[in-house]
>>> print(open('protein-v3.txt').read())   # compact mmCIF, C-alpha atoms and all ligand atoms
# COMPACT_ATOMS: atom_id res chain seq x y z
CA MET A 805 0.00 0.00 0.00
CA SER A 806 1.44 3.41 -0.95
CA ARG A 807 1.85 5.91 1.84
CA ASP A 808 1.38 9.64 1.64
CA PRO A 809 1.98 10.94 5.17
CA LEU A 810 0.55 14.31 6.10
CA LEU A 811 1.42 13.86 9.77
CA ASP A 812 4.43 11.76 10.68
CA VAL A 813 5.37 11.41 14.34
CA THR A 814 8.53 9.54 15.31
CA ASP A 815 9.66 8.46 18.78
CA LEU A 816 7.57 11.05 20.62
CA SER A 817 8.01 11.16 24.37
CA VAL A 818 6.44 13.42 27.00
CA GLY A 819 7.08 13.67 30.73
CA PHE A 820 6.14 16.20 33.38
CA ASP A 821 7.90 17.61 36.41
CA GLY A 822 5.56 17.46 39.38
CA PHE A 823 5.35 17.48 43.17
CA ASP A 824 5.36 13.66 43.25
CA GLY A 825 8.43 13.47 41.01
CA TYR A 826 8.88 13.08 37.27
CA ALA A 827 5.88 11.58 35.46
CA ASP A 828 7.11 9.56 32.49
CA VAL A 829 3.83 9.58 30.55
CA VAL A 830 4.31 9.07 26.80
CA GLY A 831 7.17 7.20 25.12
CA ASN A 832 8.23 5.50 21.85
CA VAL A 833 5.21 6.87 20.00
CA ASP A 834 5.37 6.52 16.21
CA LEU A 835 2.22 7.61 14.46
CA ARG A 836 1.23 8.47 10.91
CA VAL A 837 -1.82 10.01 9.27
CA ASP A 838 -1.86 9.80 5.47
CA ARG A 839 -3.64 12.31 3.26
CA GLY A 840 -7.38 11.67 3.26
CA GLU A 841 -7.07 9.09 6.02
CA VAL A 842 -9.10 8.88 9.25
CA VAL A 843 -6.97 7.55 12.10
CA THR A 844 -7.99 7.08 15.72
CA ILE A 845 -6.04 6.63 18.93
CA VAL A 846 -8.01 4.45 21.33
CA GLY A 847 -7.37 3.73 24.99
CA GLU A 848 -8.88 4.11 28.43
CA THR A 849 -8.94 7.38 30.31
CA GLY A 850 -5.48 8.34 31.49
CA CYS A 851 -3.60 6.38 28.80
CA GLY A 852 -1.91 9.48 27.41
CA LYS A 853 -4.04 10.18 24.32
CA SER A 854 -4.59 13.89 25.05
CA VAL A 855 -0.99 14.42 26.11
CA THR A 856 0.09 12.90 22.76
CA THR A 857 -2.13 15.22 20.69
CA LYS A 858 -1.17 18.26 22.76
CA ALA A 859 2.50 17.45 22.22
CA ILE A 860 1.86 17.08 18.48
CA THR A 861 0.12 20.46 18.28
CA GLY A 862 2.59 22.23 20.58
CA LEU A 863 0.04 22.99 23.27
CA LEU A 864 2.10 21.80 26.24
CA ASP A 865 4.02 24.30 28.31
CA GLU A 866 7.68 23.29 28.36
CA PRO A 867 8.57 23.09 31.26
CA PRO A 868 6.86 21.54 33.21
CA ALA A 869 6.39 19.28 30.18
CA HIS A 870 9.44 17.72 28.52
CA VAL A 871 8.76 16.77 24.92
CA ASP A 872 11.12 14.89 22.64
CA GLY A 873 10.88 13.27 19.20
CA SER A 874 10.02 14.42 15.72
CA VAL A 875 6.65 15.75 14.48
CA GLU A 876 6.46 16.40 10.75
CA PHE A 877 3.43 17.99 9.15
CA ASP A 878 3.49 17.92 5.35
CA GLY A 879 7.24 17.45 5.50
CA MET A 880 7.73 20.41 7.89
CA ASP A 881 9.31 19.92 11.31
CA ILE A 882 6.62 21.61 13.40
CA ARG A 883 8.53 21.37 16.65
CA ALA A 884 11.08 23.77 15.13
CA LEU A 885 8.50 26.45 14.24
CA SER A 886 8.34 29.77 16.08
CA ASP A 887 5.21 30.45 18.19
CA ALA A 888 3.85 32.76 15.49
CA GLU A 889 4.40 30.18 12.73
CA ARG A 890 2.82 27.49 14.83
CA ASN A 891 -0.24 29.64 15.66
CA ASP A 892 -0.63 30.36 11.97
CA LEU A 893 -0.53 26.64 11.17
CA ASN A 894 -2.85 25.68 14.02
CA GLY A 895 -5.62 28.07 13.00
CA ASP A 896 -5.31 27.36 9.33
CA ARG A 897 -4.00 24.04 7.98
CA LEU A 898 -4.44 22.23 11.29
CA GLY A 899 -7.89 22.36 12.92
CA MET A 900 -8.43 21.23 16.49
CA ILE A 901 -11.48 20.30 18.53
CA PHE A 902 -11.11 19.59 22.22
CA GLN A 903 -13.10 17.68 24.83
CA ASN A 904 -14.51 20.55 26.78
CA PRO A 905 -16.49 23.17 24.85
CA LEU A 906 -17.08 25.12 28.06
CA SER A 907 -13.50 26.21 28.44
CA SER A 908 -12.53 26.48 24.77
CA LEU A 909 -14.46 29.66 23.86
CA ASN A 910 -13.67 33.09 25.27
CA PRO A 911 -16.63 34.19 27.46
CA VAL A 912 -15.99 37.89 26.77
CA PHE A 913 -16.60 37.91 23.01
CA THR A 914 -19.60 36.79 20.97
CA VAL A 915 -19.40 33.56 18.99
CA GLY A 916 -19.48 35.64 15.82
CA GLU A 917 -16.54 37.82 16.87
CA GLN A 918 -14.41 34.79 17.70
CA LEU A 919 -15.29 32.75 14.64
CA THR A 920 -15.06 35.72 12.28
CA ASP A 921 -11.54 36.39 13.61
CA THR A 922 -10.66 32.77 12.82
CA ALA A 923 -12.15 33.08 9.33
CA GLN A 924 -10.26 36.32 8.72
CA PHE A 925 -6.90 35.66 10.35
CA GLY A 926 -6.63 31.89 10.88
CA GLY A 927 -4.67 31.39 14.08
CA ASN A 928 -2.41 34.34 13.45
CA LYS A 929 -3.02 37.83 14.74
CA ASP A 930 0.69 38.45 15.03
CA GLY A 931 0.91 41.00 12.24
CA GLY A 932 0.68 43.44 15.15
CA ILE A 933 -2.29 44.93 16.98
CA LEU A 934 -2.61 47.90 14.57
CA SER A 935 -2.70 45.69 11.52
CA TYR A 936 -5.21 43.44 13.31
CA PHE A 937 -7.58 46.34 14.06
CA ARG A 938 -7.12 47.83 10.59
CA GLN A 939 -8.10 44.54 8.94
CA ARG A 940 -10.89 43.98 11.40
CA HIS A 941 -12.35 47.32 10.39
CA ASN A 942 -12.15 46.57 6.70
CA LYS A 943 -15.90 46.28 6.23
CA ALA A 944 -15.89 44.17 3.07
CA ASP A 945 -13.41 41.63 4.50
CA ARG A 946 -15.22 41.46 7.82
CA GLU A 947 -18.64 40.99 6.21
CA GLY A 948 -17.31 38.32 3.86
CA ALA A 949 -15.78 36.47 6.82
CA ARG A 950 -19.01 36.77 8.83
CA GLU A 951 -20.97 35.35 5.91
CA ARG A 952 -18.59 32.36 5.84
CA VAL A 953 -19.13 31.87 9.58
CA LEU A 954 -22.91 31.86 9.10
CA GLU A 955 -22.59 29.27 6.33
CA MET A 956 -20.39 27.09 8.51
CA LEU A 957 -22.79 27.38 11.47
CA ARG A 958 -25.55 26.16 9.17
CA GLU A 959 -23.33 23.30 8.01
CA VAL A 960 -22.79 22.08 11.58
CA GLN A 961 -26.58 22.23 12.04
CA MET A 962 -26.50 24.99 14.62
CA PRO A 963 -30.06 25.89 15.61
CA ASP A 964 -30.90 29.53 14.73
CA PRO A 965 -27.41 30.51 13.47
CA GLU A 966 -28.45 34.16 12.87
CA ALA A 967 -29.13 34.57 16.60
CA VAL A 968 -26.22 32.41 17.76
CA ILE A 969 -23.64 34.41 15.84
CA ASP A 970 -24.36 37.47 18.02
CA SER A 971 -24.62 35.51 21.29
CA HIS A 972 -22.00 35.08 23.97
CA PRO A 973 -20.91 31.50 24.77
CA SER A 974 -22.67 31.65 28.15
CA GLU A 975 -26.00 32.01 26.32
CA LEU A 976 -25.53 28.68 24.49
CA SER A 977 -26.03 25.09 25.60
CA GLY A 978 -23.00 22.76 25.80
CA GLY A 979 -24.00 21.05 22.53
CA MET A 980 -24.30 24.43 20.74
CA ARG A 981 -20.88 25.48 22.02
CA GLN A 982 -19.42 22.20 20.77
CA ARG A 983 -20.99 22.83 17.34
CA ALA A 984 -19.53 26.36 17.36
CA LEU A 985 -16.08 24.88 18.04
CA ILE A 986 -16.46 22.32 15.27
CA ALA A 987 -17.46 25.17 12.93
CA GLN A 988 -14.42 27.16 14.06
CA ALA A 989 -12.09 24.21 13.45
CA LEU A 990 -13.48 23.69 9.93
CA LEU A 991 -13.68 27.34 8.85
CA ASN A 992 -10.34 27.48 7.09
CA GLU A 993 -10.72 24.00 5.59
CA PRO A 994 -7.78 22.45 7.44
CA ASP A 995 -5.77 19.66 5.82
CA LEU A 996 -5.74 17.84 9.15
CA LEU A 997 -8.41 17.91 11.84
CA ILE A 998 -7.40 16.72 15.30
CA ALA A 999 -10.47 15.89 17.38
CA ASP A 1000 -9.95 14.94 21.04
CA GLU A 1001 -13.10 13.17 22.26
CA PRO A 1002 -15.38 15.98 21.06
CA GLY A 1003 -18.53 16.18 23.17
CA SER A 1004 -17.35 13.70 25.79
CA ALA A 1005 -17.79 16.38 28.48
CA LEU A 1006 -21.47 16.64 27.48
CA ASP A 1007 -24.36 14.34 28.27
CA VAL A 1008 -24.65 11.07 26.38
CA THR A 1009 -27.36 12.03 23.89
CA VAL A 1010 -25.66 15.31 22.95
CA HIS A 1011 -22.33 13.45 22.69
CA ASP A 1012 -23.96 10.97 20.29
CA ARG A 1013 -25.38 13.77 18.15
CA ILE A 1014 -21.97 15.48 17.99
CA LEU A 1015 -20.35 12.21 16.92
CA SER A 1016 -22.93 11.62 14.23
CA LEU A 1017 -22.38 15.20 12.97
CA LEU A 1018 -18.64 14.54 12.82
CA THR A 1019 -19.20 11.26 11.00
CA ASP A 1020 -21.23 13.14 8.36
CA ILE A 1021 -18.54 15.82 8.08
CA ILE A 1022 -15.85 13.16 7.65
CA GLU A 1023 -17.86 11.49 4.89
CA GLU A 1024 -18.44 14.76 3.05
CA ARG A 1025 -14.88 16.11 3.16
CA ASP A 1026 -11.60 14.87 1.85
CA MET A 1027 -9.74 15.73 5.02
CA SER A 1028 -7.24 13.84 7.13
CA ILE A 1029 -8.46 13.26 10.66
CA LEU A 1030 -6.74 12.21 13.85
CA MET A 1031 -9.46 11.36 16.34
CA ILE A 1032 -9.02 10.48 19.99
CA THR A 1033 -11.57 8.27 21.67
CA HIS A 1034 -11.88 5.75 24.49
CA ASP A 1035 -14.65 4.02 22.54
CA LEU A 1036 -13.56 1.29 20.12
CA GLY A 1037 -17.10 1.21 18.69
CA VAL A 1038 -16.74 4.84 17.56
CA ALA A 1039 -13.26 4.14 16.19
CA ARG A 1040 -14.61 1.21 14.21
CA GLU A 1041 -17.32 3.35 12.66
CA ILE A 1042 -15.13 6.18 11.44
CA SER A 1043 -11.53 5.13 11.05
CA ASP A 1044 -9.31 3.61 8.40
CA ARG A 1045 -6.61 2.69 10.90
CA ILE A 1046 -6.46 2.44 14.69
CA TYR A 1047 -3.65 2.94 17.18
CA ILE A 1048 -4.26 1.34 20.58
CA MET A 1049 -2.61 3.22 23.42
CA TYR A 1050 -1.93 1.90 26.91
CA GLY A 1051 0.16 3.52 29.65
CA GLY A 1052 1.56 6.12 27.25
CA ARG A 1053 2.70 3.50 24.73
CA ILE A 1054 1.23 2.45 21.38
CA VAL A 1055 0.72 -1.25 22.03
CA GLU A 1056 -0.91 -2.14 18.72
CA ALA A 1057 -1.64 -0.52 15.37
CA ALA A 1058 -3.53 -1.92 12.40
CA PRO A 1059 -6.18 -1.16 9.79
CA THR A 1060 -9.59 -1.06 11.49
CA GLU A 1061 -10.97 -4.39 10.30
CA GLU A 1062 -7.74 -6.17 11.19
CA ILE A 1063 -7.99 -4.86 14.77
CA PHE A 1064 -11.42 -6.44 15.10
CA GLU A 1065 -10.68 -9.63 13.20
CA ASP A 1066 -7.27 -10.38 14.61
CA ALA A 1067 -6.48 -8.31 17.72
CA ARG A 1068 -2.95 -9.26 18.73
CA HIS A 1069 -2.32 -7.43 21.98
CA PRO A 1070 -4.07 -8.65 25.15
CA TYR A 1071 -5.04 -5.03 25.93
CA THR A 1072 -6.75 -4.67 22.53
CA GLN A 1073 -8.47 -8.01 23.10
CA GLY A 1074 -9.65 -6.78 26.50
CA LEU A 1075 -10.99 -3.54 25.02
CA ILE A 1076 -12.91 -5.48 22.37
CA ALA A 1077 -14.28 -7.89 24.98
CA SER A 1078 -15.39 -4.83 27.01
CA ILE A 1079 -17.64 -3.42 24.29
CA PRO A 1080 -21.21 -3.90 25.55
CA ARG A 1081 -23.16 -6.38 23.49
CA LEU A 1082 -26.64 -5.33 22.52
CA SER A 1083 -27.89 -8.91 22.44
CA GLY A 1084 -26.79 -12.47 23.02
CA THR A 1085 -26.04 -14.40 26.14
CA GLN A 1086 -22.45 -13.50 26.75
CA MET A 1087 -21.74 -10.57 29.07
CA ALA A 1088 -19.06 -8.06 28.17
CA SER A 1089 -15.97 -8.74 30.25
CA GLY A 1090 -13.83 -5.82 31.38
CA ILE A 1091 -10.14 -5.48 32.10
CA ASP A 1092 -9.37 -5.68 35.80
CA GLY A 1093 -7.19 -3.02 37.40
CA SER A 1094 -6.41 0.53 36.37
CA VAL A 1095 -3.93 2.51 34.29
CA PRO A 1096 -0.44 2.93 35.80
CA GLU A 1097 0.93 5.71 37.97
CA TYR A 1098 3.28 7.57 35.68
CA THR A 1099 5.62 8.65 38.47
CA ASP A 1100 6.29 4.98 39.20
CA PRO A 1101 5.27 2.93 36.14
CA PRO A 1102 5.49 -0.88 36.13
CA SER A 1103 8.77 -2.36 34.92
CA GLY A 1104 8.86 -4.06 31.53
CA CYS A 1105 5.53 -4.05 29.72
CA ARG A 1106 3.34 -1.39 31.37
CA PHE A 1107 0.28 -3.59 30.87
CA HIS A 1108 1.73 -6.61 32.66
CA PRO A 1109 0.02 -6.01 36.07
CA ARG A 1110 -3.35 -6.30 34.29
CA CYS A 1111 -2.47 -8.89 31.67
CA PRO A 1112 -3.82 -12.44 32.07
CA TYR A 1113 -0.76 -13.85 30.28
CA ALA A 1114 1.98 -11.94 32.11
CA ASP A 1115 5.14 -13.82 33.07
CA ASP A 1116 8.70 -12.94 34.06
CA ASP A 1117 9.61 -11.86 30.52
CA CYS A 1118 6.89 -9.22 30.68
CA ARG A 1119 8.20 -7.84 33.97
CA GLY A 1120 11.74 -7.52 32.59
CA ALA A 1121 12.48 -5.23 29.65
CA GLU A 1122 9.89 -3.30 27.61
CA PRO A 1123 8.83 -5.61 24.77
CA SER A 1124 9.96 -4.82 21.26
CA ARG A 1125 7.69 -4.17 18.33
CA THR A 1126 6.69 -7.03 16.04
CA SER A 1127 5.43 -6.05 12.58
CA PHE A 1128 2.72 -7.88 10.68
CA GLY A 1129 2.95 -6.49 7.14
CA SER A 1130 3.58 -2.81 6.49
CA ASP A 1131 0.76 -1.29 8.49
CA SER A 1132 0.32 -3.45 11.55
CA HIS A 1133 2.34 -4.11 14.65
CA ALA A 1134 1.98 -5.21 18.24
CA VAL A 1135 4.26 -4.67 21.21
CA CYS A 1136 3.99 -7.85 23.26
CA VAL A 1137 6.47 -10.62 24.12
CA ARG A 1138 3.91 -13.23 23.02
CA HIS A 1139 4.57 -12.10 19.46
CA SER A 1140 8.28 -11.50 19.66
CA ASP A 1141 8.51 -15.11 20.92
CA ASP A 1142 6.69 -16.20 17.77
CA GLY A 1143 4.49 -18.14 20.12
CA PRO A 1144 0.79 -18.70 19.59
CA THR A 1145 -1.38 -15.63 20.10
CA PRO A 1146 -3.58 -16.03 23.15
CA THR A 1147 -7.07 -14.58 22.95
CA ILE A 1148 -9.27 -13.30 25.69
CA GLU A 1149 -12.59 -15.09 25.93
CA GLY A 1150 -15.25 -13.25 23.97
CA THR A 1151 -12.93 -11.40 21.59
CA LYS A 1152 -13.57 -13.65 18.63
CA HIS A 1153 -17.01 -13.95 17.08
CA ARG A 1154 -18.33 -11.22 19.31
CA LEU A 1155 -21.42 -9.93 17.59
CA MET A 1156 -22.60 -6.36 17.48
CA THR A 1157 -26.30 -6.65 16.86
CA ASN A 1158 -28.28 -3.81 15.45
CA GLU A 1159 -31.51 -3.89 17.46
CA ALA A 1160 -33.36 -1.82 14.90
CA ASP A 1161 -33.23 -4.41 12.13
CA GLY A 1162 -31.94 -7.44 13.99
CA THR A 1163 -29.00 -7.85 11.62
CA GLU A 1164 -25.68 -9.01 12.87
CA GLU A 1165 -22.36 -7.58 11.84
CA ASP A 1166 -19.62 -10.08 12.21
CA PRO A 1167 -16.42 -8.42 13.37
N1 LIG A 1201 0.09 19.04 32.52
C1 LIG A 1201 0.25 17.85 33.11
N2 LIG A 1201 1.11 17.69 34.15
C2 LIG A 1201 1.28 16.49 34.75
N3 LIG A 1201 0.65 15.36 34.36
C3 LIG A 1201 -0.21 15.45 33.34
C4 LIG A 1201 -0.45 16.71 32.66
N4 LIG A 1201 -1.38 16.48 31.67
C5 LIG A 1201 -1.68 15.15 31.75
N5 LIG A 1201 -1.00 14.56 32.73
C6 LIG A 1201 -1.08 13.15 33.12
O1 LIG A 1201 -0.85 12.36 31.98
C7 LIG A 1201 -1.63 11.17 32.07
C8 LIG A 1201 -2.34 10.94 30.77
O2 LIG A 1201 -3.35 11.94 30.63
P1 LIG A 1201 -4.19 12.16 29.29
O3 LIG A 1201 -5.12 13.31 29.53
O4 LIG A 1201 -3.29 12.26 28.12
O5 LIG A 1201 -5.01 10.82 29.20
P2 LIG A 1201 -6.14 10.46 28.14
O6 LIG A 1201 -5.82 9.11 27.63
O7 LIG A 1201 -6.30 11.53 27.14
O8 LIG A 1201 -7.39 10.39 29.08
P3 LIG A 1201 -8.78 11.18 28.96
O9 LIG A 1201 -9.56 10.44 27.96
O10 LIG A 1201 -9.36 11.12 30.31
O11 LIG A 1201 -8.42 12.59 28.56
C9 LIG A 1201 -2.57 11.34 33.27
O12 LIG A 1201 -2.06 10.59 34.35
C10 LIG A 1201 -2.50 12.80 33.56
O13 LIG A 1201 -2.67 13.05 34.93
>>> encode(input="protein-v3.txt", output="C-alpha cells")
Amino acid sequence: MSRDPLLDVTDLSVGFDGFDGYADVVGNVDLRVDRGEVVTIVGETGCGKSVTTKAITGLLDEPPAHVDGSVEFDGMDIRALSDAERNDLNGDRLGMIFQNPLSSLNPVFTVGEQLTDTAQFGGNKDGGILSYFRQRHNKADREGARERVLEMLREVQMPDPEAVIDSHPSELSGGMRQRALIAQALLNEPDLLIADEPGSALDVTVHDRILSLLTDIIEERDMSILMITHDLGVAREISDRIYIMYGGRIVEAAPTEEIFEDARHPYTQGLIASIPRLSGTQMASGIDGSVPEYTDPPSGCRFHPRCPYADDDCRGAEPSRTSFGSDSHAVCVRHSDDGPTPTIEGTKHRLMTNEADGTEEDP
C-alpha cells in the first residue's frame, strides 16, 4: 500500500515535572496520518491520548512538560516552528477540537466575533495589533468572513445561526458550544483535523449527536483526521486505521478491520471484549485493574500487572515491536517469541447486533 503521510510522528516522548516526582507519561510513539485518512487513537482514560495530541500540536508548556521526538506535518518539522508560525498553522491548515467546549471559547466575546476572527486571520493575529484592528475594520473583509461563519454554522446544524452568531458562549447550551467549536475548526478547511473526544464532556445524547455530525462531516470532506476516543465502537465506525494506546505506549496498530478480526495485543483483546453487546447471552468482560501511575510505572511491559498472560519476561524489559505487514504491529512478548497468540474469551465472534433491524455484523 502506498503511503502519503501528512502527519508523521517519530519516537515522541512526553514527561512532566511534578510534586510527586517526574511523570514519564508518553514514550516511543510513532504515528502516521496519510492524506485523506481517518486515524484514531483508542485507549482508556489516562492512557496518554490527550498528552500525545497536545505534544503534536505544541500545546504543552515546556517546562513543566518535557517533549522529545520528531513531528512532521506535510514534511515540515513543526517542533522547530516559532510560536507565530505554529499559531498560523494551528488556525489554518491544522484544525483542532477539544473535549470541553465550556473552556474552549472566550466568554468575553460573541461567537461571531471569535469565529469571524478565525475566518479572517486563521490562528495568526501576530501581524501586530494595529494591523489586526485595521483589517478587522475593513468592512468588506469582515462581512465576507461573517458570511462564511454563518454558512459554517448552518453546516454544523447549529439551531438559529443568525441569533447564535451574536450571542455570547454563556448564552448557548453545551452542545451548541461544541458545534460552534467544530465550525471554528473547519472554517479554514484544514488539511488535518485533530479531534480529542469531542462532546465527551457533554451528556450522552448530545455526545452521540456530535459524533454523528462529525461522522457526516468526515464522509463529506476529503480531510485527514486524527481522532481520539476511548470508545472502540466509535473508532470502528469512522476510522481507516487504529492505534491502541496503553500507559503512554502504542501497544498495537492496524487497519480497522484487522484490529477487530485479529487483535494481537491482550489489551486490545480486553478492550474489544469490554464493548457492551446489545444482544446475546455473553456478558461483556472488562479489564481488571487501572492505568499505571506515571511517576512509578510498572517495569517491563506497562500492561503486565493487568495482563492475564503476564510472566517474568513481561516484567523484565519493555517488549519490542513485532510487525505484521507494512501497516500493523503489536508490542507484546507473546509475538516477539513467535508463540501462539492467546485470545481473551469473547474477543472472537463477538457480535454487534443492530436492534433496529436485527441484523448481525460479524467483526
Ligand atoms: N500538565 C500535566 N502535568 C502532569 N501530568 C499530566 C499533565 N497532563 C496530563 N498529565 C497526566 O498524563 C496522564 C495521561 O493523561 P491524558 O489526559 O493524556 O489521558 P487520556 O488518555 O487523554 O485520558 P482522557 O480520555 O481522560 O483525557 C494522566 O495521568 C495525567 O494526569
>>> axis_aligned_box(input="protein-v3.txt", around="ligand LIG 1201 (chain A)", padding_each_side="5 Å", output="JSON")
{"center_x": -4.1, "center_y": 14.1, "center_z": 31.0, "size_x": 20.8, "size_y": 19.9, "size_z": 17.8}
>>> residues_near_ligand(input="protein-v3.txt", ligand="ligand LIG 1201 (chain A)", cutoff="8 Å", atoms="all atoms listed in the file", output="PDB file with C-alpha atoms, keeping the file's coordinate frame")
ATOM      1  CA  GLY A 819       7.080  13.670  30.730  1.00  0.00           C
ATOM      2  CA  PHE A 820       6.140  16.200  33.380  1.00  0.00           C
ATOM      3  CA  ASP A 821       7.900  17.610  36.410  1.00  0.00           C
ATOM      4  CA  GLY A 822       5.560  17.460  39.380  1.00  0.00           C
ATOM      5  CA  ALA A 827       5.880  11.580  35.460  1.00  0.00           C
ATOM      6  CA  VAL A 829       3.830   9.580  30.550  1.00  0.00           C
ATOM      7  CA  VAL A 830       4.310   9.070  26.800  1.00  0.00           C
ATOM      8  CA  GLY A 847      -7.370   3.730  24.990  1.00  0.00           C
ATOM      9  CA  GLU A 848      -8.880   4.110  28.430  1.00  0.00           C
ATOM     10  CA  THR A 849      -8.940   7.380  30.310  1.00  0.00           C
ATOM     11  CA  GLY A 850      -5.480   8.340  31.490  1.00  0.00           C
ATOM     12  CA  CYS A 851      -3.600   6.380  28.800  1.00  0.00           C
ATOM     13  CA  GLY A 852      -1.910   9.480  27.410  1.00  0.00           C
ATOM     14  CA  LYS A 853      -4.040  10.180  24.320  1.00  0.00           C
ATOM     15  CA  SER A 854      -4.590  13.890  25.050  1.00  0.00           C
ATOM     16  CA  VAL A 855      -0.990  14.420  26.110  1.00  0.00           C
ATOM     17  CA  THR A 856       0.090  12.900  22.760  1.00  0.00           C
ATOM     18  CA  LEU A 864       2.100  21.800  26.240  1.00  0.00           C
ATOM     19  CA  ASP A 865       4.020  24.300  28.310  1.00  0.00           C
ATOM     20  CA  PRO A 868       6.860  21.540  33.210  1.00  0.00           C
ATOM     21  CA  ALA A 869       6.390  19.280  30.180  1.00  0.00           C
ATOM     22  CA  GLN A 903     -13.100  17.680  24.830  1.00  0.00           C
ATOM     23  CA  ASP A1000      -9.950  14.940  21.040  1.00  0.00           C
ATOM     24  CA  GLU A1001     -13.100  13.170  22.260  1.00  0.00           C
ATOM     25  CA  ILE A1032      -9.020  10.480  19.990  1.00  0.00           C
ATOM     26  CA  THR A1033     -11.570   8.270  21.670  1.00  0.00           C
ATOM     27  CA  HIS A1034     -11.880   5.750  24.490  1.00  0.00           C
ATOM     28  CA  MET A1049      -2.610   3.220  23.420  1.00  0.00           C
ATOM     29  CA  GLY A1051       0.160   3.520  29.650  1.00  0.00           C
ATOM     30  CA  GLY A1052       1.560   6.120  27.250  1.00  0.00           C
ATOM     31  CA  PRO A1096      -0.440   2.930  35.800  1.00  0.00           C
ATOM     32  CA  GLU A1097       0.930   5.710  37.970  1.00  0.00           C
ATOM     33  CA  TYR A1098       3.280   7.570  35.680  1.00  0.00           C
TER      34      TYR A1098
END
>>> closest_atom_pairs(input="protein-v3.txt", of="stretch 820-930 of chain A", to="stretch 946-951 of chain A", cutoff="6 Å", atoms="all atoms listed in the file", output="Markdown table")
| residue | atom | partner | partner_atom | distance |
| --- | --- | --- | --- | --- |
| A:Thr920 | CA | A:Arg950 | CA | 5.3 |
| A:Ala923 | CA | A:Ala949 | CA | 5.6 |
| A:Gln924 | CA | A:Ala949 | CA | 5.8 |
>>> closest_residue(input="protein-v3.txt", among="A:Gly1074, A:Gly1104, A:Gly862, A:Gly825", to="A:Asn894", atoms="all atoms listed in the file")
A:Gly862
>>> atom_distance(input="protein-v3.txt", atom1="atom CA of A:Asp834", atom2="atom CA of A:Leu1030")
13.6 Å
>>> residues_near_point(input="protein-v3.txt", point="(-7.7, 14.8, 7.5)", cutoff="6 Å", atoms="only C-alpha atoms", output="PyMOL selection string")
chain A and resi 840-841+995-997+1027-1029
>>> write_last_selection(input="protein-v3.txt", atoms="C-alpha atoms", output="compact mmCIF listing (two decimals), in the coordinates of the input")
# COMPACT_ATOMS: atom_id res chain seq x y z
CA GLY A 840 -7.38 11.67 3.26
CA GLU A 841 -7.07 9.09 6.02
CA ASP A 995 -5.77 19.66 5.82
CA LEU A 996 -5.74 17.84 9.15
CA LEU A 997 -8.41 17.91 11.84
CA MET A 1027 -9.74 15.73 5.02
CA SER A 1028 -7.24 13.84 7.13
CA ILE A 1029 -8.46 13.26 10.66
>>> closest_residue(input="protein-v3.txt", among="A:Asp1131, A:Asp1066, A:Arg890, A:Leu811", to="A:Asp1044", atoms="only C-alpha atoms")
A:Asp1131
>>> closest_residue(input="protein-v3.txt", among="A:Phe913, A:Phe902, A:Tyr1050, A:Tyr826", to="A:Met1031", atoms="only C-alpha atoms")
A:Phe902
>>> closest_residue(input="protein-v3.txt", among="A:Ser1004, A:Gln1073, A:Gln961, A:Thr1019", to="A:Cys1111", atoms="all atoms listed in the file")
A:Gln1073
>>> residues_around(input="protein-v3.txt", residues="A:Val953", least_positions_apart="5", cutoff="10 Å", atoms="only C-alpha atoms", output="JSON, numbers by chain")
{"A": [915, 916, 917, 918, 919, 920, 921, 922, 923, 924, 947, 948, 958, 959, 965, 969, 984, 987, 988, 990, 991]}
>>> closest_residue(input="protein-v3.txt", among="A:Ile1076, A:Leu893, A:Met980, A:Val1055", to="A:Ala967", atoms="all atoms listed in the file")
A:Met980
